[in-house]
$ cat protein_15.pdb   # PDB, C-alpha atoms
ATOM      1  CA  MET K   1     -10.806 -16.688  88.780
ATOM      2  CA  TRP K   2     -11.359 -19.643  90.995
ATOM      3  CA  GLN K   3     -13.933 -22.378  91.345
ATOM      4  CA  TYR K   4     -14.641 -24.339  94.490
ATOM      5  CA  GLU K   5     -14.496 -28.122  94.564
ATOM      6  CA  LYS K   6     -16.607 -29.506  97.341
ATOM      7  CA  LYS K   7     -13.955 -31.729  98.898
ATOM      8  CA  LEU K   8     -10.762 -31.576 100.916
ATOM      9  CA  GLN K   9      -7.552 -32.274  99.034
ATOM     10  CA  TYR K  10      -6.869 -35.042 101.565
ATOM     11  CA  PRO K  11      -9.422 -36.289 104.115
ATOM     12  CA  VAL K  12      -9.559 -34.863 107.650
ATOM     13  CA  LYS K  13     -11.496 -37.178 109.988
ATOM     14  CA  ILE K  14     -10.719 -36.468 113.624
ATOM     15  CA  LYS K  15     -12.687 -38.534 116.127
ATOM     16  CA  ASN K  16     -11.578 -36.830 119.373
ATOM     17  CA  PRO K  17     -11.774 -33.051 119.862
ATOM     18  CA  ASN K  18      -8.673 -31.615 121.554
ATOM     19  CA  PRO K  19      -8.554 -27.815 121.915
ATOM     20  CA  LYS K  20      -5.011 -28.000 123.315
ATOM     21  CA  ILE K  21      -3.520 -29.194 120.016
ATOM     22  CA  ALA K  22      -5.937 -27.054 117.967
ATOM     23  CA  GLN K  23      -4.023 -24.061 119.363
ATOM     24  CA  LEU K  24      -0.801 -25.476 117.902
ATOM     25  CA  VAL K  25      -2.128 -26.564 114.496
ATOM     26  CA  ILE K  26      -3.789 -23.168 113.940
ATOM     27  CA  SER K  27      -0.302 -21.741 113.308
ATOM     28  CA  GLN K  28      -0.340 -23.444 109.906
ATOM     29  CA  PHE K  29      -3.450 -21.395 109.098
ATOM     30  CA  GLY K  30      -2.492 -17.905 110.309
ATOM     31  CA  GLY K  31       1.090 -18.243 111.562
ATOM     32  CA  PRO K  32       4.325 -16.880 110.034
ATOM     33  CA  ASP K  33       4.848 -19.974 107.838
ATOM     34  CA  GLY K  34       1.200 -20.988 107.496
ATOM     35  CA  GLU K  35      -0.881 -21.812 104.463
ATOM     36  CA  LEU K  36      -2.723 -18.460 104.302
ATOM     37  CA  GLY K  37       0.584 -16.626 103.938
ATOM     38  CA  ALA K  38       1.847 -19.226 101.466
ATOM     39  CA  SER K  39      -1.129 -18.687  99.200
ATOM     40  CA  MET K  40      -0.976 -14.881  99.438
ATOM     41  CA  ARG K  41       2.794 -14.909  98.787
ATOM     42  CA  TYR K  42       2.623 -16.939  95.559
ATOM     43  CA  LEU K  43      -0.571 -15.425  94.193
ATOM     44  CA  SER K  44       0.865 -11.928  94.756
ATOM     45  CA  GLN K  45       4.310 -12.684  93.335
ATOM     46  CA  ARG K  46       3.070 -14.132  90.061
ATOM     47  CA  TYR K  47       2.220 -10.773  88.442
ATOM     48  CA  SER K  48       5.853  -9.676  88.334
ATOM     49  CA  MET K  49       7.209 -13.054  87.196
ATOM     50  CA  PRO K  50       8.998 -12.725  83.849
ATOM     51  CA  TYR K  51       8.506 -16.248  82.442
ATOM     52  CA  ASP K  52       5.378 -18.264  81.670
ATOM     53  CA  GLU K  53       6.487 -21.405  83.539
ATOM     54  CA  LEU K  54       6.918 -19.288  86.679
ATOM     55  CA  ARG K  55       3.555 -17.558  86.279
ATOM     56  CA  ALA K  56       2.066 -21.056  85.969
ATOM     57  CA  ILE K  57       3.804 -22.672  88.940
ATOM     58  CA  LEU K  58       3.044 -19.732  91.257
ATOM     59  CA  THR K  59      -0.600 -19.707  90.196
ATOM     60  CA  ASP K  60      -0.998 -23.452  90.653
ATOM     61  CA  VAL K  61       0.968 -23.788  93.897
ATOM     62  CA  GLY K  62      -0.766 -20.659  95.261
ATOM     63  CA  THR K  63      -4.077 -22.317  94.452
ATOM     64  CA  GLU K  64      -3.068 -25.585  96.111
ATOM     65  CA  GLU K  65      -2.138 -23.608  99.240
ATOM     66  CA  LEU K  66      -5.773 -22.464  99.489
ATOM     67  CA  ALA K  67      -6.726 -26.147  99.619
ATOM     68  CA  HIS K  68      -4.123 -26.653 102.361
ATOM     69  CA  MET K  69      -5.523 -23.692 104.277
ATOM     70  CA  GLU K  70      -8.897 -25.428 104.098
ATOM     71  CA  MET K  71      -7.415 -28.690 105.421
ATOM     72  CA  VAL K  72      -5.681 -26.949 108.339
ATOM     73  CA  SER K  73      -8.901 -25.043 109.100
ATOM     74  CA  ALA K  74     -10.831 -28.338 109.002
ATOM     75  CA  ILE K  75      -8.377 -29.849 111.514
ATOM     76  CA  VAL K  76      -8.830 -26.860 113.862
ATOM     77  CA  TYR K  77     -12.602 -26.940 113.371
ATOM     78  CA  GLN K  78     -12.855 -30.636 114.175
ATOM     79  CA  LEU K  79     -10.534 -30.379 117.182
ATOM     80  CA  THR K  80     -12.757 -27.695 118.755
ATOM     81  CA  ARG K  81     -16.174 -29.295 118.242
ATOM     82  CA  ASN K  82     -18.675 -29.778 121.075
ATOM     83  CA  LEU K  83     -16.522 -28.324 123.848
ATOM     84  CA  THR K  84     -17.799 -27.711 127.367
ATOM     85  CA  PRO K  85     -16.838 -24.583 129.328
ATOM     86  CA  ASP K  86     -14.807 -26.815 131.635
ATOM     87  CA  GLU K  87     -12.776 -28.318 128.727
ATOM     88  CA  ILE K  88     -12.234 -24.818 127.351
ATOM     89  CA  LYS K  89     -10.800 -23.629 130.662
ATOM     90  CA  ARG K  90      -8.649 -26.698 131.326
ATOM     91  CA  SER K  91      -7.075 -26.759 127.834
ATOM     92  CA  GLY K  92      -6.038 -23.101 127.815
ATOM     93  CA  PHE K  93      -8.400 -22.519 124.866
ATOM     94  CA  ASP K  94     -10.256 -19.942 126.992
ATOM     95  CA  LYS K  95      -8.271 -16.911 125.772
ATOM     96  CA  TYR K  96      -8.987 -17.716 122.121
ATOM     97  CA  PHE K  97     -12.595 -18.584 122.961
ATOM     98  CA  VAL K  98     -13.266 -15.149 124.464
ATOM     99  CA  ASP K  99     -12.492 -13.443 121.141
ATOM    100  CA  HIS K 100     -13.587 -16.035 118.565
ATOM    101  CA  THR K 101     -15.772 -18.656 120.323
ATOM    102  CA  SER K 102     -15.190 -21.819 118.263
ATOM    103  CA  ALA K 103     -14.728 -20.021 114.941
ATOM    104  CA  VAL K 104     -11.547 -20.497 112.911
ATOM    105  CA  TYR K 105      -9.528 -17.256 112.876
ATOM    106  CA  PRO K 106      -6.035 -16.860 111.328
ATOM    107  CA  ILE K 107      -3.555 -16.553 114.174
ATOM    108  CA  ALA K 108      -0.201 -18.106 115.061
ATOM    109  CA  ALA K 109       0.280 -20.634 117.882
ATOM    110  CA  SER K 110       1.762 -17.707 119.809
ATOM    111  CA  SER K 111      -1.647 -15.959 119.333
ATOM    112  CA  LEU K 112      -0.418 -13.187 116.970
ATOM    113  CA  PRO K 113      -2.980 -12.558 114.224
ATOM    114  CA  TRP K 114      -1.891 -13.140 110.608
ATOM    115  CA  ARG K 115       0.006 -10.237 109.071
ATOM    116  CA  ALA K 116       1.300  -9.385 105.615
ATOM    117  CA  GLU K 117       4.841  -8.965 106.981
ATOM    118  CA  TYR K 118       5.074 -12.765 106.913
ATOM    119  CA  ILE K 119       5.354 -12.731 103.122
ATOM    120  CA  GLY K 120       7.955 -11.323 100.756
ATOM    121  CA  VAL K 121       6.953  -9.996  97.340
ATOM    122  CA  LYS K 122       9.985  -8.220  95.927
ATOM    123  CA  GLY K 123       9.466  -8.060  92.163
ATOM    124  CA  ASP K 124      12.768  -9.759  91.335
ATOM    125  CA  VAL K 125      12.627 -13.333  90.083
ATOM    126  CA  ILE K 126      15.700 -14.639  91.908
ATOM    127  CA  THR K 127      14.784 -12.885  95.164
ATOM    128  CA  ASP K 128      11.182 -14.063  95.069
ATOM    129  CA  LEU K 129      12.004 -17.672  94.194
ATOM    130  CA  HIS K 130      14.504 -17.856  97.050
ATOM    131  CA  GLU K 131      11.790 -16.488  99.352
ATOM    132  CA  ASP K 132       9.552 -19.314  98.088
ATOM    133  CA  LEU K 133      12.166 -22.034  98.543
ATOM    134  CA  GLY K 134      12.773 -20.758 102.093
ATOM    135  CA  ALA K 135       9.050 -20.535 102.776
ATOM    136  CA  GLU K 136       8.480 -24.163 101.780
ATOM    137  CA  GLN K 137      11.278 -25.308 104.088
ATOM    138  CA  LYS K 138      10.001 -23.145 106.956
ATOM    139  CA  ALA K 139       6.555 -24.666 106.544
ATOM    140  CA  ARG K 140       8.117 -28.153 106.434
ATOM    141  CA  THR K 141       9.976 -27.427 109.702
ATOM    142  CA  THR K 142       6.731 -26.219 111.289
ATOM    143  CA  TYR K 143       4.973 -29.459 110.292
ATOM    144  CA  ASP K 144       7.941 -31.413 111.700
ATOM    145  CA  ASN K 145       7.576 -29.505 114.974
ATOM    146  CA  LEU K 146       3.831 -30.182 115.087
ATOM    147  CA  LEU K 147       4.490 -33.892 114.459
ATOM    148  CA  ARG K 148       6.936 -33.885 117.389
ATOM    149  CA  LEU K 149       4.201 -32.581 119.700
ATOM    150  CA  ILE K 150       1.072 -34.387 118.490
ATOM    151  CA  ASP K 151       0.290 -38.076 119.077
ATOM    152  CA  ASP K 152      -3.264 -38.450 117.719
ATOM    153  CA  PRO K 153      -2.978 -40.451 114.448
ATOM    154  CA  ASP K 154      -6.137 -38.755 113.082
ATOM    155  CA  VAL K 155      -4.308 -35.406 113.276
ATOM    156  CA  ARG K 156      -0.856 -36.696 112.303
ATOM    157  CA  ASP K 157      -2.092 -38.279 109.069
ATOM    158  CA  PRO K 158      -3.223 -35.072 107.293
ATOM    159  CA  LEU K 159      -0.235 -33.177 108.788
ATOM    160  CA  LYS K 160       2.114 -35.721 107.177
ATOM    161  CA  PHE K 161       0.374 -35.238 103.834
ATOM    162  CA  LEU K 162       0.790 -31.455 104.133
ATOM    163  CA  ARG K 163       4.455 -31.823 105.111
ATOM    164  CA  GLN K 164       5.056 -33.909 101.999
ATOM    165  CA  ARG K 165       3.483 -31.239  99.775
ATOM    166  CA  GLU K 166       6.023 -28.673 101.058
ATOM    167  CA  ILE K 167       8.777 -30.921  99.726
ATOM    168  CA  VAL K 168       7.115 -31.289  96.313
ATOM    169  CA  HIS K 169       6.625 -27.507  96.066
ATOM    170  CA  TYR K 170      10.257 -26.938  97.045
ATOM    171  CA  GLN K 171      11.284 -29.237  94.186
ATOM    172  CA  ARG K 172       9.095 -27.376  91.654
ATOM    173  CA  PHE K 173      10.356 -23.950  92.794
ATOM    174  CA  GLY K 174      13.921 -25.231  92.487
ATOM    175  CA  GLU K 175      13.171 -26.186  88.887
ATOM    176  CA  GLY K 176      11.625 -22.758  88.391
ATOM    177  CA  LEU K 177      14.802 -21.103  89.635
ATOM    178  CA  ARG K 178      16.849 -23.214  87.199
ATOM    179  CA  LEU K 179      14.543 -22.238  84.322
ATOM    180  CA  ALA K 180      15.048 -18.590  85.263
ATOM    181  CA  THR K 181      18.832 -18.677  85.616
ATOM    182  CA  ASP K 182      19.162 -20.630  82.328
ATOM    183  CA  ARG K 183      17.763 -17.529  80.630
ATOM    184  CA  LEU K 184      20.112 -15.077  82.348
ATOM    185  CA  ASP K 185      23.787 -14.239  81.956
ATOM    186  CA  SER K 186      25.579 -17.288  83.405
ATOM    187  CA  LYS K 187      28.514 -15.077  84.447
ATOM    188  CA  ASN K 188      26.289 -12.743  86.456
ATOM    189  CA  PHE K 189      22.667 -13.639  87.180
ATOM    190  CA  TYR K 190      22.263 -10.242  88.801
ATOM    191  CA  ALA K 191      23.399  -8.170  85.828
ATOM    192  CA  CYS K 192      19.768  -7.113  85.388
ATOM    193  CA  ASN K 193      16.333  -7.905  86.800
ATOM    194  CA  PRO K 194      14.198  -9.635  84.143
ATOM    195  CA  SER K 195      11.074  -8.757  86.144
ATOM    196  CA  PHE K 196      11.752  -5.061  85.470
ATOM    197  CA  ASP K 197      14.558  -4.293  83.025
ATOM    198  CA  LYS K 198      13.579  -4.457  79.377
ATOM    199  CA  ASN K 199      15.583  -6.862  77.191
ATOM    200  CA  CYS K 200      17.204  -8.464  80.234
ATOM    201  CA  GLY K 201      18.514 -11.930  79.306
ATOM    202  CA  LYS K 202      17.704 -11.413  75.623
TER     203      LYS K 202
ATOM    204  CA  MET N   1     -17.443 -49.090 101.018
ATOM    205  CA  ASP N   2     -20.613 -48.227  99.096
ATOM    206  CA  ASN N   3     -20.596 -47.332  95.416
ATOM    207  CA  ARG N   4     -20.766 -43.587  96.044
ATOM    208  CA  ALA N   5     -17.799 -43.622  98.430
ATOM    209  CA  ALA N   6     -15.789 -45.839  96.063
ATOM    210  CA  LEU N   7     -16.526 -43.503  93.146
ATOM    211  CA  VAL N   8     -15.523 -40.425  95.160
ATOM    212  CA  LYS N   9     -12.331 -42.098  96.358
ATOM    213  CA  ARG N  10     -11.279 -42.914  92.791
ATOM    214  CA  ILE N  11     -12.117 -39.379  91.566
ATOM    215  CA  HIS N  12     -10.106 -37.876  94.433
ATOM    216  CA  ALA N  13      -7.134 -40.126  93.644
ATOM    217  CA  LEU N  14      -7.286 -39.013  89.989
ATOM    218  CA  ASP N  15      -7.616 -35.362  91.054
ATOM    219  CA  PHE N  16      -4.440 -35.695  93.074
ATOM    220  CA  ALA N  17      -2.534 -37.448  90.279
ATOM    221  CA  LEU N  18      -3.689 -34.714  87.870
ATOM    222  CA  LEU N  19      -2.560 -31.966  90.259
ATOM    223  CA  GLU N  20       0.867 -33.555  90.559
ATOM    224  CA  LEU N  21       1.106 -33.783  86.760
ATOM    225  CA  ASN N  22      -0.073 -30.178  86.502
ATOM    226  CA  LEU N  23       2.721 -28.896  88.767
ATOM    227  CA  PHE N  24       5.301 -31.118  87.052
ATOM    228  CA  LEU N  25       4.215 -29.924  83.609
ATOM    229  CA  ASP N  26       4.470 -26.283  84.741
ATOM    230  CA  THR N  27       8.240 -26.727  84.929
ATOM    231  CA  HIS N  28       8.468 -29.427  82.198
ATOM    232  CA  PRO N  29       5.866 -28.239  79.642
ATOM    233  CA  ASP N  30       7.223 -30.454  76.835
ATOM    234  CA  CYS N  31       7.401 -33.755  78.710
ATOM    235  CA  GLU N  32       5.518 -36.193  76.442
ATOM    236  CA  GLU N  33       5.175 -38.911  79.053
ATOM    237  CA  ALA N  34       3.534 -36.537  81.564
ATOM    238  CA  LEU N  35       1.217 -35.141  78.870
ATOM    239  CA  TYR N  36       0.187 -38.674  77.894
ATOM    240  CA  LYS N  37      -0.530 -39.637  81.505
ATOM    241  CA  ARG N  38      -2.511 -36.453  81.984
ATOM    242  CA  ARG N  39      -4.755 -37.256  79.008
ATOM    243  CA  GLU N  40      -5.278 -40.799  80.290
ATOM    244  CA  TYR N  41      -6.216 -39.721  83.842
ATOM    245  CA  GLN N  42      -8.332 -36.810  82.668
ATOM    246  CA  ALA N  43     -10.430 -39.081  80.418
ATOM    247  CA  GLU N  44     -11.076 -41.494  83.283
ATOM    248  CA  ARG N  45     -11.916 -38.602  85.632
ATOM    249  CA  MET N  46     -14.429 -37.047  83.223
ATOM    250  CA  ALA N  47     -16.240 -40.376  82.795
ATOM    251  CA  LEU N  48     -16.393 -40.978  86.560
ATOM    252  CA  ILE N  49     -17.651 -37.449  87.283
ATOM    253  CA  GLU N  50     -20.385 -37.916  84.716
ATOM    254  CA  ALA N  51     -21.346 -41.207  86.377
ATOM    255  CA  TYR N  52     -21.298 -39.546  89.805
ATOM    256  CA  GLU N  53     -23.389 -36.518  88.819
ATOM    257  CA  SER N  54     -26.042 -38.596  87.056
ATOM    258  CA  GLN N  55     -26.614 -40.546  90.286
ATOM    259  CA  TYR N  56     -25.772 -38.239  93.205
ATOM    260  CA  GLY N  57     -25.958 -34.604  92.096
ATOM    261  CA  PRO N  58     -23.315 -31.965  91.363
ATOM    262  CA  TYR N  59     -19.658 -32.809  91.958
ATOM    263  CA  VAL N  60     -18.663 -29.283  90.965
ATOM    264  CA  VAL N  61     -20.842 -26.187  91.021
ATOM    265  CA  THR N  62     -20.826 -26.058  87.205
ATOM    266  CA  ALA N  63     -22.284 -29.590  86.988
ATOM    267  CA  LYS N  64     -23.899 -30.317  83.610
ATOM    268  CA  GLN N  65     -27.247 -31.206  85.100
ATOM    269  CA  VAL N  66     -28.959 -30.880  88.434
ATOM    270  CA  GLN N  67     -31.737 -33.433  88.871
ATOM    271  CA  GLY N  68     -35.172 -32.639  90.302
ATOM    272  CA  GLU N  69     -36.550 -29.484  91.904
ATOM    273  CA  HIS N  70     -33.828 -28.928  94.476
ATOM    274  CA  TRP N  71     -30.431 -27.185  94.229
ATOM    275  CA  SER N  72     -28.501 -30.018  95.887
ATOM    276  CA  TRP N  73     -25.176 -28.104  95.869
ATOM    277  CA  VAL N  74     -26.243 -26.609  99.214
ATOM    278  CA  ASP N  75     -26.677 -30.013 100.837
ATOM    279  CA  GLY N  76     -24.142 -31.105 103.452
ATOM    280  CA  PRO N  77     -22.154 -32.499 104.880
ATOM    281  CA  TRP N  78     -19.591 -29.942 103.675
ATOM    282  CA  PRO N  79     -16.035 -31.230 103.312
ATOM    283  CA  TRP N  80     -14.820 -30.125 106.760
ATOM    284  CA  GLU N  81     -17.845 -31.522 108.620
ATOM    285  CA  TYR N  82     -16.645 -35.000 109.588
ATOM    286  CA  GLY N  83     -19.229 -36.814 111.669
ATOM    287  CA  ARG N  84     -22.203 -34.702 110.665
ATOM    288  CA  GLU N  85     -25.317 -36.660 109.760
ATOM    289  CA  CYS N  86     -26.291 -36.378 106.082
TER     290      CYS N  86
END
$ encode --input "protein_15.pdb" --output "structure tokens"
Amino acid sequence: MWQYEKKLQYPVKIKNPNPKIAQLVISQFGGPDGELGASMRYLSQRYSMPYDELRAILTDVGTEELAHMEMVSAIVYQLTRNLTPDEIKRSGFDKYFVDHTSAVYPIAASSLPWRAEYIGVKGDVITDLHEDLGAEQKARTTYDNLLRLIDDPDVRDPLKFLRQREIVHYQRFGEGLRLATDRLDSKNFYACNPSFDKNCGK
Amino acid sequence: MDNRAALVKRIHALDFALLELNLFLDTHPDCEEALYKRREYQAERMALIEAYESQYGPYVVTAKQVQGEHWSWVDGPWPWEYGREC
């Protein structure tokens, strides 16, 4: 189960609304490499993980991703406060506004709604951990791209924090992969799937 | 910075340090140094949360005590509401 803490993991305090960049940042909520998908990926994968350390790291990183989803949503929320119809039209936010007003809905910057195809949950420890390592790097690249396009320091600051977390998670998943392969046949890691085959690696 | 803000800032810093230790310990569950640091930070955090809740109301929804006749958990601003008047 989960329990809410009434705080953001890292503060989001944006002084100037800007619906133009809100439409870019929203990709890290509902886009292909966004925080919603990250959380769903890890929290779904953990059931078929064969080792306790991996069940733990997927649970805890998957939980942290929910906090990141909240931070990204807070950025979008604050960037779209108190808009006038004229600002909505000029910024290109009008198409989103028609469907969602100023609510925060999980879509990509390209406007595609979030979909489960963004995540891989394969039931094989090596496959799933490589998916996770790739996912962390894809999210890091997306934050790099956002930082290339956004000048406002109030928005850049939390984005830089989130980018850094991708790197920490990548490190932990790399350690998880090492823990897994240490328990498998060093001559052939693929001889069996410890997530499914009984006595694999024993 | 007033006392409440200073207290919250320190608790948040400890929360973050504890999360980092949590993830590190997930892949290094027998690291004595990390376990020691975790105990140290956790003790400080518990004391500060107790101090916070006795003065300002619940820090978490399972707060030990809620003062007065009002369920202050509902009171804003909520974490995403920067700029909203209290």
$ interface_residues --input "protein_15.pdb" --of "chain K" --to "chain N" --cutoff "9 Å" --atoms "all atoms listed in the file" --output "MDAnalysis selection string"
chainID K and resid 3:15 52:57 60:61 64 70:71 73:75 77:78 168:169 172:173 175:176 179
$ atom_distance --input "protein_15.pdb" --atom1 "CA of Lys160 (chain K)" --atom2 "CA of Gly34 (chain K)"
14.8 Å
$ resolve_selection --input "protein_15.pdb" --expression "the PyMOL selection byres ((chain N and resi 67) around 9)" --output "list in words"
Glu53, Ser54, Gln55, Tyr56, Gly57, Pro58, Gln65, Val66, Gly68, Glu69, His70, Trp71 and Ser72 of chain N
$ resolve_selection --input "protein_15.pdb" --expression "the PyMOL selection byres ((chain K and resi 193) around 12)" --output "list in words"
Ser48, Met49, Pro50, Lys122, Gly123, Asp124, Val125, Ile126, Thr127, Asp128, Ala180, Thr181, Arg183, Leu184, Asp185, Asn188, Phe189, Tyr190, Ala191, Cys192, Pro194, Ser195, Phe196, Asp197, Lys198, Asn199, Cys200, Gly201 and Lys202 of chain K
$ atom_distance --input "protein_15.pdb" --atom1 "CA of Pro32 (chain K)" --atom2 "CA of Leu83 (chain K)"
27.5 Å
$ resolve_selection --input "protein_15.pdb" --expression "the PyMOL selection byres ((chain K and resi 130-141) around 8)" --output "count of residues only"
22
$ atom_distance --input "protein_15.pdb" --atom1 "CA of Arg10 (chain N)" --atom2 "CA of Glu32 (chain N)"
24.4 Å
$ decode --input "protein_15.pdb" --residues "region 55-68 of chain K" --atoms "N, CA and C atoms" --output "PDB file, in the first residue's frame"
ATOM      1  N   ARG K  55      13.095  -6.933  -6.133  1.00  0.00           N
ATOM      2  CA  ARG K  55      11.717  -6.572  -5.727  1.00  0.00           C
ATOM      3  C   ARG K  55      11.756  -5.249  -4.976  1.00  0.00           C
ATOM      4  N   ALA K  56      12.793  -5.077  -4.143  1.00  0.00           N
ATOM      5  CA  ALA K  56      12.912  -3.852  -3.336  1.00  0.00           C
ATOM      6  C   ALA K  56      13.193  -2.639  -4.220  1.00  0.00           C
ATOM      7  N   ILE K  57      14.180  -2.754  -5.102  1.00  0.00           N
ATOM      8  CA  ILE K  57      14.573  -1.559  -5.875  1.00  0.00           C
ATOM      9  C   ILE K  57      13.451  -1.153  -6.826  1.00  0.00           C
ATOM     10  N   LEU K  58      12.734  -2.119  -7.398  1.00  0.00           N
ATOM     11  CA  LEU K  58      11.629  -1.762  -8.301  1.00  0.00           C
ATOM     12  C   LEU K  58      10.474  -1.129  -7.534  1.00  0.00           C
ATOM     13  N   THR K  59      10.205  -1.639  -6.340  1.00  0.00           N
ATOM     14  CA  THR K  59       9.153  -1.038  -5.516  1.00  0.00           C
ATOM     15  C   THR K  59       9.523   0.397  -5.146  1.00  0.00           C
ATOM     16  N   ASP K  60      10.764   0.595  -4.711  1.00  0.00           N
ATOM     17  CA  ASP K  60      11.144   1.910  -4.199  1.00  0.00           C
ATOM     18  C   ASP K  60      11.366   2.930  -5.319  1.00  0.00           C
ATOM     19  N   VAL K  61      11.956   2.488  -6.431  1.00  0.00           N
ATOM     20  CA  VAL K  61      12.097   3.431  -7.557  1.00  0.00           C
ATOM     21  C   VAL K  61      10.718   3.707  -8.165  1.00  0.00           C
ATOM     22  N   GLY K  62       9.885   2.676  -8.289  1.00  0.00           N
ATOM     23  CA  GLY K  62       8.523   2.876  -8.813  1.00  0.00           C
ATOM     24  C   GLY K  62       7.732   3.855  -7.964  1.00  0.00           C
ATOM     25  N   THR K  63       7.969   3.816  -6.666  1.00  0.00           N
ATOM     26  CA  THR K  63       7.310   4.754  -5.753  1.00  0.00           C
ATOM     27  C   THR K  63       7.852   6.168  -5.944  1.00  0.00           C
ATOM     28  N   GLU K  64       9.188   6.267  -6.077  1.00  0.00           N
ATOM     29  CA  GLU K  64       9.772   7.602  -6.284  1.00  0.00           C
ATOM     30  C   GLU K  64       9.250   8.215  -7.589  1.00  0.00           C
ATOM     31  N   GLU K  65       9.016   7.373  -8.594  1.00  0.00           N
ATOM     32  CA  GLU K  65       8.512   7.904  -9.874  1.00  0.00           C
ATOM     33  C   GLU K  65       7.134   8.557  -9.699  1.00  0.00           C
ATOM     34  N   LEU K  66       6.340   8.052  -8.770  1.00  0.00           N
ATOM     35  CA  LEU K  66       5.043   8.705  -8.494  1.00  0.00           C
ATOM     36  C   LEU K  66       5.277  10.125  -7.985  1.00  0.00           C
ATOM     37  N   ALA K  67       6.319  10.281  -7.155  1.00  0.00           N
ATOM     38  CA  ALA K  67       6.656  11.621  -6.652  1.00  0.00           C
ATOM     39  C   ALA K  67       7.154  12.509  -7.796  1.00  0.00           C
ATOM     40  N   HIS K  68       7.840  11.900  -8.769  1.00  0.00           N
ATOM     41  CA  HIS K  68       8.298  12.690  -9.925  1.00  0.00           C
ATOM     42  C   HIS K  68       7.119  13.082 -10.809  1.00  0.00           C
TER      43      HIS K  68
END
